[in-house]
file coords_26.pdb (PDB, C-alpha atoms, pLDDT in the B column)
ATOM      1  CA  ASP A  12      16.718 -55.655  31.990  1.00 96.00           C
ATOM      2  CA  ILE A  13      15.119 -56.885  28.782  1.00 97.00           C
ATOM      3  CA  VAL A  14      11.881 -58.680  29.616  1.00 98.00           C
ATOM      4  CA  MET A  15      11.092 -61.795  27.601  1.00 98.00           C
ATOM      5  CA  THR A  16       7.442 -62.829  27.461  1.00 98.00           C
ATOM      6  CA  GLN A  17       6.393 -66.169  26.034  1.00 98.00           C
ATOM      7  CA  SER A  18       2.950 -67.262  24.931  1.00 96.00           C
ATOM      8  CA  PRO A  19       1.177 -69.426  25.665  1.00 97.00           C
ATOM      9  CA  ASP A  20       2.282 -70.624  29.105  1.00 98.00           C
ATOM     10  CA  SER A  21       1.192 -74.134  28.170  1.00 98.00           C
ATOM     11  CA  LEU A  22       0.195 -75.855  24.993  1.00 96.00           C
ATOM     12  CA  ALA A  23      -1.313 -79.239  24.132  1.00 98.00           C
ATOM     13  CA  VAL A  24      -0.869 -80.491  20.585  1.00 97.00           C
ATOM     14  CA  SER A  25      -1.745 -83.797  18.926  1.00 98.00           C
ATOM     15  CA  LEU A  26       1.041 -86.044  17.693  1.00 98.00           C
ATOM     16  CA  GLY A  27       2.023 -85.111  14.159  1.00 97.00           C
ATOM     17  CA  GLU A  28       0.495 -81.650  14.414  1.00 98.00           C
ATOM     18  CA  ARG A  29       2.256 -78.281  14.451  1.00 98.00           C
ATOM     19  CA  ALA A  30       3.233 -76.557  17.679  1.00 98.00           C
ATOM     20  CA  THR A  31       3.960 -72.842  17.777  1.00 98.00           C
ATOM     21  CA  ILE A  32       5.473 -70.933  20.687  1.00 98.00           C
ATOM     22  CA  ASN A  33       5.849 -67.175  20.680  1.00 98.00           C
ATOM     23  CA  CYS A  34       8.395 -64.969  22.409  1.00 98.00           C
ATOM     24  CA  LYS A  35       8.364 -61.197  22.655  1.00 98.00           C
ATOM     25  CA  SER A  36      11.229 -59.053  23.908  1.00 98.00           C
ATOM     26  CA  SER A  37      10.708 -55.654  25.552  1.00 98.00           C
ATOM     27  CA  GLN A  38      13.269 -54.117  23.196  1.00 97.00           C
ATOM     28  CA  SER A  39      15.070 -55.018  20.003  1.00 96.00           C
ATOM     29  CA  VAL A  40      17.743 -57.707  20.296  1.00 96.00           C
ATOM     30  CA  LEU A  41      19.274 -57.061  16.878  1.00 95.00           C
ATOM     31  CA  TYR A  42      23.062 -57.391  17.145  1.00 92.00           C
ATOM     32  CA  SER A  43      24.526 -54.794  14.832  1.00 91.00           C
ATOM     33  CA  SER A  44      27.871 -56.557  14.368  1.00 90.00           C
ATOM     34  CA  ASN A  45      26.297 -59.318  12.276  1.00 90.00           C
ATOM     35  CA  ASN A  46      22.769 -57.973  11.735  1.00 93.00           C
ATOM     36  CA  LYS A  47      21.301 -61.004  13.465  1.00 94.00           C
ATOM     37  CA  ASN A  48      18.858 -61.269  16.334  1.00 96.00           C
ATOM     38  CA  SER A  49      20.411 -62.396  19.630  1.00 96.00           C
ATOM     39  CA  LEU A  50      17.685 -64.892  20.468  1.00 97.00           C
ATOM     40  CA  ALA A  51      18.043 -68.546  21.455  1.00 98.00           C
ATOM     41  CA  TRP A  52      15.563 -71.345  22.145  1.00 98.00           C
ATOM     42  CA  TYR A  53      16.135 -74.170  24.604  1.00 98.00           C
ATOM     43  CA  GLN A  54      14.304 -77.400  25.332  1.00 98.00           C
ATOM     44  CA  HIS A  55      14.210 -78.530  28.959  1.00 98.00           C
ATOM     45  CA  LYS A  56      13.102 -81.964  30.049  1.00 98.00           C
ATOM     46  CA  PRO A  57      12.784 -83.092  33.691  1.00 95.00           C
ATOM     47  CA  GLY A  58      16.000 -84.456  35.136  1.00 95.00           C
ATOM     48  CA  GLN A  59      18.121 -83.109  32.294  1.00 97.00           C
ATOM     49  CA  PRO A  60      19.959 -79.853  31.668  1.00 98.00           C
ATOM     50  CA  PRO A  61      18.485 -77.486  29.090  1.00 98.00           C
ATOM     51  CA  LYS A  62      19.343 -78.234  25.476  1.00 98.00           C
ATOM     52  CA  LEU A  63      20.110 -75.590  22.874  1.00 98.00           C
ATOM     53  CA  LEU A  64      17.812 -75.846  19.856  1.00 98.00           C
ATOM     54  CA  ILE A  65      18.070 -72.562  17.971  1.00 98.00           C
ATOM     55  CA  TYR A  66      20.412 -69.564  18.095  1.00 97.00           C
ATOM     56  CA  TRP A  67      20.565 -66.256  16.242  1.00 96.00           C
ATOM     57  CA  ALA A  68      16.765 -66.650  16.133  1.00 97.00           C
ATOM     58  CA  SER A  69      16.745 -69.107  13.238  1.00 98.00           C
ATOM     59  CA  THR A  70      19.952 -71.185  13.154  1.00 97.00           C
ATOM     60  CA  ARG A  71      19.368 -74.764  14.182  1.00 98.00           C
ATOM     61  CA  GLU A  72      21.992 -76.270  16.467  1.00 97.00           C
ATOM     62  CA  SER A  73      23.840 -79.272  15.052  1.00 96.00           C
ATOM     63  CA  GLY A  74      21.954 -82.499  15.656  1.00 97.00           C
ATOM     64  CA  VAL A  75      18.591 -80.849  16.277  1.00 98.00           C
ATOM     65  CA  PRO A  76      15.838 -82.405  14.109  1.00 98.00           C
ATOM     66  CA  ASP A  77      14.698 -80.232  11.225  1.00 97.00           C
ATOM     67  CA  ARG A  78      11.122 -80.259  12.498  1.00 98.00           C
ATOM     68  CA  PHE A  79      12.329 -77.509  14.866  1.00 98.00           C
ATOM     69  CA  SER A  80      12.580 -74.062  13.317  1.00 98.00           C
ATOM     70  CA  GLY A  81      12.920 -70.511  14.587  1.00 98.00           C
ATOM     71  CA  SER A  82      11.804 -67.288  13.011  1.00 98.00           C
ATOM     72  CA  GLY A  83      11.179 -63.643  13.758  1.00 97.00           C
ATOM     73  CA  SER A  84      13.127 -60.427  14.120  1.00 93.00           C
ATOM     74  CA  GLY A  85      13.285 -57.279  16.200  1.00 90.00           C
ATOM     75  CA  THR A  86      11.094 -58.051  19.177  1.00 97.00           C
ATOM     76  CA  ASP A  87       8.853 -60.914  18.020  1.00 98.00           C
ATOM     77  CA  PHE A  88      10.034 -64.477  17.632  1.00 98.00           C
ATOM     78  CA  THR A  89       8.533 -67.913  17.091  1.00 98.00           C
ATOM     79  CA  LEU A  90       9.601 -71.496  17.669  1.00 98.00           C
ATOM     80  CA  THR A  91       7.769 -73.968  15.469  1.00 98.00           C
ATOM     81  CA  ILE A  92       7.715 -77.750  15.725  1.00 98.00           C
ATOM     82  CA  SER A  93       6.322 -78.850  12.395  1.00 97.00           C
ATOM     83  CA  SER A  94       5.180 -82.347  13.367  1.00 97.00           C
ATOM     84  CA  LEU A  95       5.055 -83.033  17.091  1.00 98.00           C
ATOM     85  CA  GLN A  96       6.719 -86.213  18.328  1.00 98.00           C
ATOM     86  CA  ALA A  97       6.267 -87.794  21.740  1.00 98.00           C
ATOM     87  CA  GLU A  98       9.856 -86.974  22.679  1.00 98.00           C
ATOM     88  CA  ASP A  99       9.188 -83.247  22.189  1.00 98.00           C
ATOM     89  CA  VAL A 100       7.233 -83.040  25.442  1.00 98.00           C
ATOM     90  CA  ALA A 101       9.226 -80.502  27.455  1.00 98.00           C
ATOM     91  CA  VAL A 102       9.329 -76.925  28.618  1.00 98.00           C
ATOM     92  CA  TYR A 103      10.670 -74.501  26.015  1.00 98.00           C
ATOM     93  CA  TYR A 104      12.445 -71.257  26.829  1.00 98.00           C
ATOM     94  CA  CYS A 105      13.520 -68.327  24.733  1.00 98.00           C
ATOM     95  CA  GLN A 106      16.510 -66.267  25.824  1.00 98.00           C
ATOM     96  CA  GLN A 107      17.924 -62.972  24.661  1.00 97.00           C
ATOM     97  CA  TYR A 108      21.695 -62.669  24.717  1.00 96.00           C
ATOM     98  CA  TYR A 109      21.883 -59.142  23.325  1.00 95.00           C
ATOM     99  CA  THR A 110      22.721 -57.552  26.654  1.00 95.00           C
ATOM    100  CA  THR A 111      23.376 -58.761  30.193  1.00 94.00           C
ATOM    101  CA  PRO A 112      21.531 -60.066  32.072  1.00 96.00           C
ATOM    102  CA  HIS A 113      20.692 -62.534  29.331  1.00 97.00           C
ATOM    103  CA  THR A 114      17.109 -63.010  30.366  1.00 98.00           C
ATOM    104  CA  PHE A 115      14.921 -66.032  29.727  1.00 98.00           C
ATOM    105  CA  GLY A 116      11.229 -66.134  29.004  1.00 98.00           C
ATOM    106  CA  GLN A 117       9.031 -67.733  31.643  1.00 98.00           C
ATOM    107  CA  GLY A 118       8.802 -70.994  29.694  1.00 98.00           C
ATOM    108  CA  THR A 119       6.104 -72.777  27.714  1.00 98.00           C
ATOM    109  CA  LYS A 120       5.074 -76.272  28.738  1.00 98.00           C
ATOM    110  CA  LEU A 121       4.343 -78.439  25.709  1.00 98.00           C
ATOM    111  CA  GLU A 122       2.218 -81.554  26.145  1.00 98.00           C
ATOM    112  CA  ILE A 123       0.518 -84.123  23.966  1.00 97.00           C
ATOM    113  CA  LYS A 124      -3.208 -83.700  23.418  1.00 96.00           C
TER     114      LYS A 124
ATOM    115  CA  GLU B  15      34.389 -83.564  23.503  1.00 96.00           C
ATOM    116  CA  VAL B  16      33.232 -80.533  25.455  1.00 97.00           C
ATOM    117  CA  GLN B  17      32.060 -81.404  28.962  1.00 98.00           C
ATOM    118  CA  LEU B  18      30.959 -79.431  31.989  1.00 98.00           C
ATOM    119  CA  VAL B  19      30.874 -81.530  35.150  1.00 98.00           C
ATOM    120  CA  GLN B  20      29.275 -80.043  38.243  1.00 98.00           C
ATOM    121  CA  SER B  21      29.787 -80.967  41.877  1.00 98.00           C
ATOM    122  CA  GLY B  22      27.260 -83.110  43.682  1.00 98.00           C
ATOM    123  CA  ALA B  23      24.058 -82.325  45.499  1.00 98.00           C
ATOM    124  CA  GLU B  24      24.281 -80.375  48.742  1.00 98.00           C
ATOM    125  CA  VAL B  25      22.072 -80.201  51.813  1.00 98.00           C
ATOM    126  CA  LYS B  26      22.765 -77.218  54.016  1.00 98.00           C
ATOM    127  CA  LYS B  27      21.249 -75.272  56.888  1.00 98.00           C
ATOM    128  CA  PRO B  28      20.251 -71.611  56.709  1.00 98.00           C
ATOM    129  CA  GLY B  29      23.195 -69.356  57.447  1.00 98.00           C
ATOM    130  CA  GLU B  30      25.804 -71.836  56.230  1.00 98.00           C
ATOM    131  CA  SER B  31      28.208 -71.097  53.401  1.00 98.00           C
ATOM    132  CA  LEU B  32      28.540 -73.093  50.201  1.00 98.00           C
ATOM    133  CA  LYS B  33      30.650 -73.233  47.062  1.00 98.00           C
ATOM    134  CA  ILE B  34      29.636 -75.404  44.125  1.00 98.00           C
ATOM    135  CA  SER B  35      31.791 -76.076  41.111  1.00 98.00           C
ATOM    136  CA  CYS B  36      31.704 -76.615  37.367  1.00 98.00           C
ATOM    137  CA  LYS B  37      34.732 -78.194  35.693  1.00 98.00           C
ATOM    138  CA  GLY B  38      35.201 -77.685  31.983  1.00 98.00           C
ATOM    139  CA  SER B  39      37.087 -79.964  29.626  1.00 97.00           C
ATOM    140  CA  GLY B  40      37.497 -80.549  25.918  1.00 97.00           C
ATOM    141  CA  TYR B  41      37.967 -76.883  25.039  1.00 96.00           C
ATOM    142  CA  ARG B  42      40.083 -73.861  25.914  1.00 96.00           C
ATOM    143  CA  PHE B  43      38.562 -72.983  29.306  1.00 96.00           C
ATOM    144  CA  THR B  44      40.094 -69.503  29.474  1.00 95.00           C
ATOM    145  CA  SER B  45      38.604 -68.364  26.164  1.00 94.00           C
ATOM    146  CA  GLN B  46      34.850 -68.699  26.653  1.00 94.00           C
ATOM    147  CA  TRP B  47      32.438 -67.262  29.187  1.00 96.00           C
ATOM    148  CA  ILE B  48      30.826 -69.596  31.702  1.00 97.00           C
ATOM    149  CA  GLY B  49      27.574 -68.763  33.414  1.00 97.00           C
ATOM    150  CA  TRP B  50      25.205 -69.937  36.105  1.00 98.00           C
ATOM    151  CA  VAL B  51      21.453 -70.435  35.827  1.00 98.00           C
ATOM    152  CA  ARG B  52      19.023 -71.094  38.674  1.00 98.00           C
ATOM    153  CA  GLN B  53      15.845 -73.133  38.562  1.00 98.00           C
ATOM    154  CA  MET B  54      13.791 -72.977  41.723  1.00 98.00           C
ATOM    155  CA  PRO B  55      11.352 -75.848  42.362  1.00 97.00           C
ATOM    156  CA  GLY B  56       8.550 -75.749  39.807  1.00 96.00           C
ATOM    157  CA  LYS B  57       9.825 -72.511  38.273  1.00 98.00           C
ATOM    158  CA  GLY B  58      11.637 -71.359  35.163  1.00 98.00           C
ATOM    159  CA  LEU B  59      15.243 -70.628  34.298  1.00 98.00           C
ATOM    160  CA  GLU B  60      16.925 -67.538  35.750  1.00 98.00           C
ATOM    161  CA  TRP B  61      20.209 -66.159  34.444  1.00 98.00           C
ATOM    162  CA  MET B  62      22.448 -65.399  37.428  1.00 98.00           C
ATOM    163  CA  GLY B  63      25.748 -64.242  36.018  1.00 97.00           C
ATOM    164  CA  ILE B  64      28.819 -65.107  33.998  1.00 97.00           C
ATOM    165  CA  ILE B  65      32.594 -65.087  34.225  1.00 97.00           C
ATOM    166  CA  TYR B  66      35.354 -64.975  31.644  1.00 96.00           C
ATOM    167  CA  PRO B  67      37.993 -67.283  33.116  1.00 96.00           C
ATOM    168  CA  GLY B  68      40.801 -65.704  31.111  1.00 94.00           C
ATOM    169  CA  ASP B  69      40.697 -62.468  33.098  1.00 95.00           C
ATOM    170  CA  SER B  70      37.949 -63.158  35.685  1.00 95.00           C
ATOM    171  CA  ASP B  71      35.707 -60.443  34.230  1.00 96.00           C
ATOM    172  CA  THR B  72      32.363 -61.113  35.914  1.00 97.00           C
ATOM    173  CA  ARG B  73      28.843 -59.874  35.164  1.00 96.00           C
ATOM    174  CA  TYR B  74      25.886 -60.413  37.486  1.00 97.00           C
ATOM    175  CA  SER B  75      22.185 -60.114  37.030  1.00 97.00           C
ATOM    176  CA  PRO B  76      20.957 -57.298  39.295  1.00 97.00           C
ATOM    177  CA  SER B  77      18.694 -59.903  40.907  1.00 97.00           C
ATOM    178  CA  PHE B  78      21.724 -61.846  42.123  1.00 98.00           C
ATOM    179  CA  GLN B  79      24.331 -59.115  42.595  1.00 97.00           C
ATOM    180  CA  GLY B  80      25.496 -59.211  46.205  1.00 97.00           C
ATOM    181  CA  GLN B  81      23.695 -62.495  46.856  1.00 97.00           C
ATOM    182  CA  VAL B  82      26.242 -64.832  45.289  1.00 98.00           C
ATOM    183  CA  THR B  83      29.849 -64.758  44.113  1.00 98.00           C
ATOM    184  CA  ILE B  84      31.011 -66.215  40.827  1.00 98.00           C
ATOM    185  CA  SER B  85      34.677 -67.075  40.463  1.00 98.00           C
ATOM    186  CA  ALA B  86      36.988 -69.288  38.438  1.00 98.00           C
ATOM    187  CA  ASP B  87      40.319 -71.041  38.830  1.00 97.00           C
ATOM    188  CA  LYS B  88      41.750 -71.291  35.342  1.00 96.00           C
ATOM    189  CA  SER B  89      44.594 -73.520  36.502  1.00 97.00           C
ATOM    190  CA  ILE B  90      42.081 -76.316  37.069  1.00 97.00           C
ATOM    191  CA  SER B  91      39.473 -75.216  34.500  1.00 98.00           C
ATOM    192  CA  THR B  92      36.794 -74.793  37.141  1.00 98.00           C
ATOM    193  CA  ALA B  93      34.145 -72.158  37.749  1.00 98.00           C
ATOM    194  CA  TYR B  94      32.426 -71.643  41.085  1.00 98.00           C
ATOM    195  CA  LEU B  95      29.202 -70.309  42.513  1.00 98.00           C
ATOM    196  CA  GLN B  96      29.395 -69.338  46.159  1.00 98.00           C
ATOM    197  CA  TRP B  97      27.093 -68.232  48.973  1.00 98.00           C
ATOM    198  CA  SER B  98      28.287 -66.780  52.276  1.00 98.00           C
ATOM    199  CA  SER B  99      25.019 -67.248  54.128  1.00 98.00           C
ATOM    200  CA  LEU B 100      22.395 -69.519  52.600  1.00 98.00           C
ATOM    201  CA  LYS B 101      18.666 -68.963  52.881  1.00 98.00           C
ATOM    202  CA  ALA B 102      15.843 -71.408  52.428  1.00 98.00           C
ATOM    203  CA  SER B 103      14.959 -69.514  49.259  1.00 98.00           C
ATOM    204  CA  ASP B 104      18.305 -70.581  47.743  1.00 98.00           C
ATOM    205  CA  THR B 105      16.905 -74.101  47.434  1.00 98.00           C
ATOM    206  CA  ALA B 106      17.109 -74.796  43.710  1.00 98.00           C
ATOM    207  CA  MET B 107      18.839 -76.620  40.901  1.00 98.00           C
ATOM    208  CA  TYR B 108      21.840 -74.706  39.633  1.00 98.00           C
ATOM    209  CA  TYR B 109      23.220 -75.229  36.144  1.00 98.00           C
ATOM    210  CA  CYS B 110      26.450 -73.990  34.648  1.00 98.00           C
ATOM    211  CA  GLY B 111      26.658 -73.322  30.950  1.00 98.00           C
ATOM    212  CA  ARG B 112      29.348 -72.413  28.445  1.00 97.00           C
ATOM    213  CA  PHE B 113      29.013 -69.578  25.967  1.00 91.00           C
ATOM    214  CA  ALA B 114      29.374 -70.539  22.350  1.00 88.00           C
ATOM    215  CA  TYR B 115      31.797 -67.677  21.723  1.00 83.00           C
ATOM    216  CA  ASP B 116      34.426 -65.609  23.491  1.00 79.00           C
ATOM    217  CA  ILE B 117      32.295 -62.498  23.200  1.00 84.00           C
ATOM    218  CA  LEU B 118      29.680 -61.253  25.640  1.00 83.00           C
ATOM    219  CA  THR B 119      26.905 -61.758  23.099  1.00 86.00           C
ATOM    220  CA  GLY B 120      26.620 -65.480  23.475  1.00 89.00           C
ATOM    221  CA  TYR B 121      24.185 -68.260  24.190  1.00 95.00           C
ATOM    222  CA  PHE B 122      24.820 -71.439  26.186  1.00 97.00           C
ATOM    223  CA  ASP B 123      25.824 -74.255  23.864  1.00 96.00           C
ATOM    224  CA  TYR B 124      26.917 -76.744  26.523  1.00 97.00           C
ATOM    225  CA  TRP B 125      25.504 -77.285  29.991  1.00 98.00           C
ATOM    226  CA  GLY B 126      26.527 -79.028  33.170  1.00 98.00           C
ATOM    227  CA  GLN B 127      24.297 -81.728  34.602  1.00 98.00           C
ATOM    228  CA  GLY B 128      23.068 -79.478  37.408  1.00 98.00           C
ATOM    229  CA  THR B 129      23.694 -79.273  41.153  1.00 98.00           C
ATOM    230  CA  LEU B 130      20.741 -79.525  43.512  1.00 98.00           C
ATOM    231  CA  VAL B 131      21.106 -77.302  46.553  1.00 98.00           C
ATOM    232  CA  THR B 132      18.687 -77.852  49.420  1.00 98.00           C
ATOM    233  CA  VAL B 133      18.651 -75.412  52.322  1.00 98.00           C
ATOM    234  CA  SER B 134      16.589 -76.541  55.276  1.00 97.00           C
ATOM    235  CA  SER B 135      16.744 -76.324  59.032  1.00 95.00           C
TER     236      SER B 135
END
call {"tool": "encode", "arguments": {"input": "coords_26.pdb", "output": "C-alpha cells"}}
result
Amino acid sequence: DIVMTQSPDSLAVSLGERATINCKSSQSVLYSSNNKNSLAWYQHKPGQPPKLLIYWASTRESGVPDRFSGSGSGTDFTLTISSLQAEDVAVYYCQQYYTTPHTFGQGTKLEIK
Amino acid sequence: EVQLVQSGAEVKKPGESLKISCKGSGYRFTSQWIGWVRQMPGKGLEWMGIIYPGDSDTRYSPSFQGQVTISADKSISTAYLQWSSLKASDTAMYYCGRFAYDILTGYFDYWGQGTLVTVSS
C-alpha cells in the first residue's frame, strides 16, 4: 500500500492568516496517462460527510473558495488556505488515488488560534 | 443532481450480521465506481473498497479483505456493505462515495451522509 503521511497532525492559525498542510506519499503518484498527480484533498467537519476540495493535486473542485489551493508533485504535496476563515475549522485529509487501496493521510486538525 | 443516500443508523450485537446500503441517483449508476470509507470514533478516514456496478468488479483494501463484502444491485442503483459476524471493533461511521470517473484512478466527488454502526453487547 502507498502510505500517506500528513504534517502537522494539528495546526492553529489566526483568522486571516495562511494555513499550510503537507502530505507526503511513500511513492510517486504521477498518473502517466495525463501526466498529473493522483492526489486529492478533502475537508471533513463533524456531523458531515467529507467534502472534496482539490483533485489532481492542484485542481479546485467547483464551488470551492479560491483561498484553497493545492500544489506539489511526485511525492510531496501541500494544501494552502491563503486567508483562514472561521468556517475552515475542520480536519483535512489527503488521499492518493494512483493505485488501490486509495489510501488517506491520517488527517490534520485545523483550529483557530 | 447527484445524490447518494445511505441507510439509517444501526445498533447490533457482536456476532450478528448486517448489510447497509447506499442508493445513487442523478447519474448513470452503472458507469462509475462506488466505494466505502470507514471512520472509527475519534479516528481518521480509511478506504475500505470499491465496486463498479456495471460488472460488479470489486477491489478491497487488504485491511478489509475477508472482513466485509461489497456488492451492488444495479437494477435499483444501490451499493451495499455487508458483515457476516460483527465485532465491537466494527463500531464506526461508514460513508459511501462516488468516483468522479469510470476509471479506477478516481477520487470521491460525491458522498453519502454516512451510516453509524454501533456494535455492543
call {"tool": "residues_around", "arguments": {"input": "coords_26.pdb", "residues": "stretch 99-102 of chain B", "least_positions_apart": "2", "cutoff": "9 Å", "atoms": "only C-alpha atoms", "output": "list in words"}}
result
Lys26, Lys27, Pro28, Gly29, Glu30, Ser31, Leu32, Gln81, Trp97, Asp104, Thr105, Thr132, Val133, Ser134 and Ser135 of chain B
call {"tool": "interface_residues", "arguments": {"input": "coords_26.pdb", "of": "chain B", "to": "chain A", "cutoff": "10 Å", "atoms": "all atoms listed in the file", "output": "number ranges by chain"}}
result
B: 51, 57-64, 73-77, 107-111, 114, 118-128
call {"tool": "resolve_selection", "arguments": {"input": "coords_26.pdb", "expression": "the PyMOL selection byres ((chain B and resi 87-91) around 8)", "output": "PyMOL selection string"}}
result
chain B and resi 37-39+43-44+67-68+85-86+92-93
call {"tool": "resolve_selection", "arguments": {"input": "coords_26.pdb", "expression": "the PyMOL selection byres ((chain A and resi 101) around 8)", "output": "count of residues only"}}
result
11
call {"tool": "atom_distance", "arguments": {"input": "coords_26.pdb", "atom1": "atom CA of A:Arg29", "atom2": "atom CA of A:Thr91"}}
result
7.1 Å
call {"tool": "resolve_selection", "arguments": {"input": "coords_26.pdb", "expression": "the PyMOL selection byres ((chain B and resi 15) around 8)", "output": "MDAnalysis selection string"}}
result
chainID B and resid 16:17 39:41
call {"tool": "atom_distance", "arguments": {"input": "coords_26.pdb", "atom1": "atom CA of B:Tyr66", "atom2": "atom CA of B:Gln96"}}
result
16.3 Å
call {"tool": "atom_distance", "arguments": {"input": "coords_26.pdb", "atom1": "atom CA of B:Ser35", "atom2": "atom CA of B:Leu95"}}
result
6.5 Å
call {"tool": "residues_around", "arguments": {"input": "coords_26.pdb", "residues": "B:Glu24", "least_positions_apart": "3", "cutoff": "8 Å", "atoms": "all atoms listed in the file", "output": "PyMOL selection string"}}
result
chain B and resi 129-132
call {"tool": "residues_around", "arguments": {"input": "coords_26.pdb", "residues": "A:Ile32", "least_positions_apart": "6", "cutoff": "8 Å", "atoms": "only C-alpha atoms", "output": "ChimeraX atom specification"}}
result
/A:17-19,89-91,119
call {"tool": "decode", "arguments": {"input": "coords_26.pdb", "residues": "stretch 22-34 of chain A", "atoms": "N, CA and C atoms", "output": "PDB file, in the first residue's frame"}}
result
ATOM      1  N   LEU A  22      -2.967  22.011  13.797  1.00  0.00           N
ATOM      2  CA  LEU A  22      -2.465  23.331  13.400  1.00  0.00           C
ATOM      3  C   LEU A  22      -3.443  24.384  13.896  1.00  0.00           C
ATOM      4  N   ALA A  23      -2.917  25.428  14.527  1.00  0.00           N
ATOM      5  CA  ALA A  23      -3.743  26.554  14.962  1.00  0.00           C
ATOM      6  C   ALA A  23      -3.257  27.813  14.270  1.00  0.00           C
ATOM      7  N   VAL A  24      -4.166  28.469  13.566  1.00  0.00           N
ATOM      8  CA  VAL A  24      -3.823  29.641  12.768  1.00  0.00           C
ATOM      9  C   VAL A  24      -4.801  30.773  13.084  1.00  0.00           C
ATOM     10  N   SER A  25      -4.316  31.992  13.094  1.00  0.00           N
ATOM     11  CA  SER A  25      -5.182  33.143  13.351  1.00  0.00           C
ATOM     12  C   SER A  25      -6.072  33.419  12.141  1.00  0.00           C
ATOM     13  N   LEU A  26      -7.241  33.958  12.398  1.00  0.00           N
ATOM     14  CA  LEU A  26      -8.135  34.344  11.310  1.00  0.00           C
ATOM     15  C   LEU A  26      -7.428  35.313  10.366  1.00  0.00           C
ATOM     16  N   GLY A  27      -7.579  35.046   9.063  1.00  0.00           N
ATOM     17  CA  GLY A  27      -6.956  35.891   8.063  1.00  0.00           C
ATOM     18  C   GLY A  27      -5.528  35.505   7.709  1.00  0.00           C
ATOM     19  N   GLU A  28      -4.954  34.605   8.488  1.00  0.00           N
ATOM     20  CA  GLU A  28      -3.581  34.169   8.215  1.00  0.00           C
ATOM     21  C   GLU A  28      -3.574  32.923   7.318  1.00  0.00           C
ATOM     22  N   ARG A  29      -2.382  32.584   6.853  1.00  0.00           N
ATOM     23  CA  ARG A  29      -2.211  31.439   5.952  1.00  0.00           C
ATOM     24  C   ARG A  29      -2.068  30.142   6.742  1.00  0.00           C
ATOM     25  N   ALA A  30      -2.705  29.100   6.234  1.00  0.00           N
ATOM     26  CA  ALA A  30      -2.555  27.763   6.799  1.00  0.00           C
ATOM     27  C   ALA A  30      -1.970  26.851   5.728  1.00  0.00           C
ATOM     28  N   THR A  31      -0.978  26.064   6.135  1.00  0.00           N
ATOM     29  CA  THR A  31      -0.321  25.162   5.192  1.00  0.00           C
ATOM     30  C   THR A  31      -0.272  23.756   5.778  1.00  0.00           C
ATOM     31  N   ILE A  32      -0.754  22.803   4.989  1.00  0.00           N
ATOM     32  CA  ILE A  32      -0.758  21.397   5.402  1.00  0.00           C
ATOM     33  C   ILE A  32       0.019  20.613   4.358  1.00  0.00           C
ATOM     34  N   ASN A  33       0.899  19.757   4.845  1.00  0.00           N
ATOM     35  CA  ASN A  33       1.753  18.974   3.960  1.00  0.00           C
ATOM     36  C   ASN A  33       1.331  17.511   3.914  1.00  0.00           C
ATOM     37  N   CYS A  34       1.617  16.879   2.801  1.00  0.00           N
ATOM     38  CA  CYS A  34       1.270  15.475   2.595  1.00  0.00           C
ATOM     39  C   CYS A  34       2.379  14.820   1.790  1.00  0.00           C
TER      40      CYS A  34
END
